[in-house]
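Beneath this line is the structure, given in structure tokens, with notes to follow.
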Amino acid sequence: MIKQAVILAGGEGTRLRPLTYEMPKPLVPVQGVPILTWLVRWLKRYDVEKALVIIPPKWQTAFERWKQDAEQVLPIELWVEPEPMGTMGAMAHHLKDYFNGESVFVTNGDELKGFDLRALAKTHEEGGYGATLGLVRVASPKDYGIPDLDGTRATRYREKPEDPSTDLAHAGLYALNTSCLQKMNREEKFLMFEKDLFPDFASQGLLGGCPLEGPWFDCGTMERWEKAIKEWREPNA
């Protein structure tokens, strides 16, 4: 089973302004609890033993205050990103040796999730994939990253395609074999998994996809945040 997780918590949260002038988006509360705390509780239910949270310098003090409470749930390490580097930049440039080549879960830090991580880990390990996407059915697949699937293998990956082949979308969650970080071309500082890794992995047969059941709330706009506040229910493992 995968025992470590990375939470990407560096986003600006511009669509939640003016709220995010005062706090980082991952610490915005849903039912009185920060989104990030809900995520840590979710990871703990699936036997993750440690979480590395990648954060921006601007909000370091706020995240350090949050960590004091969150570590009662799960050991947390904060890693301060020196500049915006995309979803993959920090891991490719600065953390390529941190995980000793083991597989980790990677999740966006601004979404509520209740998926079964055991299913994602099983697909990842049995398929021998470099990365395996957690997938969720969406009403508007044109707005998301979409894989073309052959069983659990993704044969192509596209961001916001005009002609999506499925309504199974990338849910901001993936299992990643971190040994791939050793082989990345690091000429560019700003790197995105969605642009700089997933399409190449798909062309090489190294990208998996695992449909997941359970609650998923993107809290990135005022309307979606309100929906999460009204409808979120923490599932049992």
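Going through the structure tokens in order, the chains are called A, B, and so on, while each chain numbers its residues from 1 and the ligands are numbered from 1 in the order shown.
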
Checklist line | Neighbour list for Gly32 in chain A as a count of residues only, cut-off 12 Å, only C-alpha atoms, skip fewer than 4 positions in-chain | finding: 9

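Relative to CA of Ile7 in chain A, CA of Leu120 in chain A is found at 16.3 Å.
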
Give me the residues of range 117-166 of chain A that have any atom at most 12 Å from an atom of range 97-112 of chain A; for each, the nearest atom pair and the distance in Å, rounded to one decimal. Use only C-alpha atoms, sort by chain and number, and format it as CSV.
```
residue,atom,partner,partner_atom,distance
A:Leu117,CA,A:Phe105,CA,8.6
A:Arg118,CA,A:Phe105,CA,10.9
A:Leu120,CA,A:Phe105,CA,9.1
A:Ala121,CA,A:Phe105,CA,8.4
A:Lys122,CA,A:Ser103,CA,11.7
A:His124,CA,A:Ser103,CA,9.0
A:Glu125,CA,A:Ser103,CA,8.9
A:Gly128,CA,A:Ser103,CA,10.8
A:Tyr129,CA,A:Ser103,CA,10.1
A:Gly130,CA,A:Ser103,CA,8.7
A:Ala131,CA,A:Ser103,CA,8.7
A:Thr132,CA,A:Phe105,CA,9.5
A:Leu133,CA,A:Val106,CA,9.7
A:Gly134,CA,A:Thr107,CA,9.6
```

Expected file: the selected residues, C-alpha atoms, as an mmCIF file, in the first residue's frame:
```cif
data_model
loop_
_atom_site.group_PDB
_atom_site.id
_atom_site.type_symbol
_atom_site.label_atom_id
_atom_site.label_comp_id
_atom_site.auth_asym_id
_atom_site.auth_seq_id
_atom_site.Cartn_x
_atom_site.Cartn_y
_atom_site.Cartn_z
ATOM 1 C CA LEU A 117 -7.520 5.101 -2.193
ATOM 2 C CA ARG A 118 -7.076 1.332 -1.997
ATOM 3 C CA LEU A 120 -6.325 3.608 -6.908
ATOM 4 C CA ALA A 121 -3.244 1.994 -5.360
ATOM 5 C CA LYS A 122 -4.286 -1.459 -6.598
ATOM 6 C CA HIS A 124 -1.421 1.578 -10.048
ATOM 7 C CA GLU A 125 0.559 -1.344 -8.685
ATOM 8 C CA GLY A 128 2.906 -1.235 -13.322
ATOM 9 C CA TYR A 129 2.129 2.360 -14.313
ATOM 10 C CA GLY A 130 4.343 5.391 -13.886
ATOM 11 C CA ALA A 131 1.259 7.387 -12.902
ATOM 12 C CA THR A 132 -2.367 6.404 -12.388
ATOM 13 C CA LEU A 133 -5.151 8.964 -12.521
ATOM 14 C CA GLY A 134 -8.065 8.951 -10.127
#
```

Notebook entry, point to check: Counting only C-alpha atoms, what is within 10 Å of Arg156 in chain A, bar same-chain residues fewer than 4 positions away, as a PyMOL selection string?
Noted result: chain A and resi 146-150+198-205+207

Sorted by chain and rising residue number, list the residues of range 20-45 of chain A at most 8 Å from range 68-85 of chain A (counting only C-alpha atoms), each with its closest atom pair and distance in Å to one decimal, as a Markdown table.
```
| residue | atom | partner | partner_atom | distance |
| --- | --- | --- | --- | --- |
| A:Thr37 | CA | A:Ala70 | CA | 6.3 |
| A:Val40 | CA | A:Leu74 | CA | 6.8 |
| A:Arg41 | CA | A:Val73 | CA | 6.6 |
| A:Lys44 | CA | A:Leu74 | CA | 6.5 |
```

Selection from above, C-alpha atoms, as a PDB file, in the first residue's frame, can you write it?
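See selection11.pdb below for the written result:
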```pdb
ATOM      1  CA  THR A  37      -7.816  19.124   7.362  1.00  0.00           C
ATOM      2  CA  VAL A  40      -5.538  14.854   5.923  1.00  0.00           C
ATOM      3  CA  ARG A  41      -8.321  12.946   7.679  1.00  0.00           C
ATOM      4  CA  LYS A  44      -5.265   8.867   7.395  1.00  0.00           C
TER       5      LYS A  44
END
```

Item checked: Atomic distance CA of Thr221 in chain A - CA of Ala171 in chain A, expressed in Å with one decimal -> 16.2 Å

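Residues with any atom within 6 Å of Gln4 in chain A, counting only C-alpha atoms and excluding same-chain neighbours fewer than 3 positions away, are Val48, Glu49, Lys50, Ala51 and Val104 of chain A.
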
Output C-alpha atoms for every residue in that selection, as a PDB file, in the first residue's frame.
```
ATOM      1  CA  VAL A  48      -1.151   7.025   4.684  1.00  0.00           C
ATOM      2  CA  GLU A  49       1.592   7.617   7.241  1.00  0.00           C
ATOM      3  CA  LYS A  50       2.941  11.032   6.218  1.00  0.00           C
ATOM      4  CA  ALA A  51       1.916  14.013   4.077  1.00  0.00           C
ATOM      5  CA  VAL A 104       3.040   8.337  -3.550  1.00  0.00           C
TER       6      VAL A 104
END
```

Item checked: Backbone DSSP call of helix (DSSP H, G or I) for range 10-212 of chain A, listed as a count of residues only -> 73

Next item on the list: Would you kindly return, as a PyMOL selection string, each protein, DNA or RNA residue with an atom no farther than 8 Å from any atom of Glu159 in chain A, considering only C-alpha atoms and excluding same-chain residues fewer than 2 positions away?
Entry: chain A and resi 143-146+157+161+194-195

Checklist line | range 113-179 of chain A: residues DSSP assigns to strand (DSSP E or B), reported as a PyMOL selection string | finding: chain A and resi 113+131-137+145-150+153-159+168-177

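Interatomic distance, CA of Arg65 in chain A to CA of Pro235 in chain A: 26.3 Å.
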
Contacts of Gly89 in chain A within 8 Å, only C-alpha atoms, excl. fewer than 6 positions in-chain, as a JSON list (two decimals) with N, CA and C atoms, in the first residue's frame:
```json
[["chain", "number", "residue", "atom", "x", "y", "z"],
["A", 189, "LYS", "N", 11.70, 25.50, -15.43],
["A", 189, "LYS", "CA", 11.37, 25.49, -14.00],
["A", 189, "LYS", "C", 9.89, 25.19, -13.77],
["A", 190, "PHE", "N", 9.04, 25.77, -14.59],
["A", 190, "PHE", "CA", 7.60, 25.62, -14.42],
["A", 190, "PHE", "C", 7.14, 24.38, -15.18],
["A", 191, "LEU", "N", 6.68, 23.38, -14.44],
["A", 191, "LEU", "CA", 6.29, 22.10, -15.04],
["A", 191, "LEU", "C", 4.92, 21.68, -14.53],
["A", 192, "MET", "N", 4.14, 21.12, -15.42],
["A", 192, "MET", "CA", 2.80, 20.66, -15.07],
["A", 192, "MET", "C", 2.68, 19.16, -15.37]]
```

Note to self: When you count only C-alpha atoms, which of these residues is closest to Lys183 in chain A: A:Ser165, A:Lys113, A:His93, A:Asn236?
What the structure shows: A:His93

Notebook entry, point to check: If we count only C-alpha atoms, what is near range 14-20 of chain A at a cut-off of 6 Å, once residues fewer than 4 positions away on the same chain are taken out, given as a count of residues only?
Noted result: 4

Check: Which of these, A:Gly127, A:Gly114, A:Gly172, A:Gly86, has the shortest distance to Gly214 in chain A once you count only C-alpha atoms?
Finding: A:Gly114

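In this comparison, which uses only C-alpha atoms, the residue of A:Glu12, A:Glu213, A:Ala169, A:Arg153 approaching Pro56 in chain A most closely is A:Glu12.
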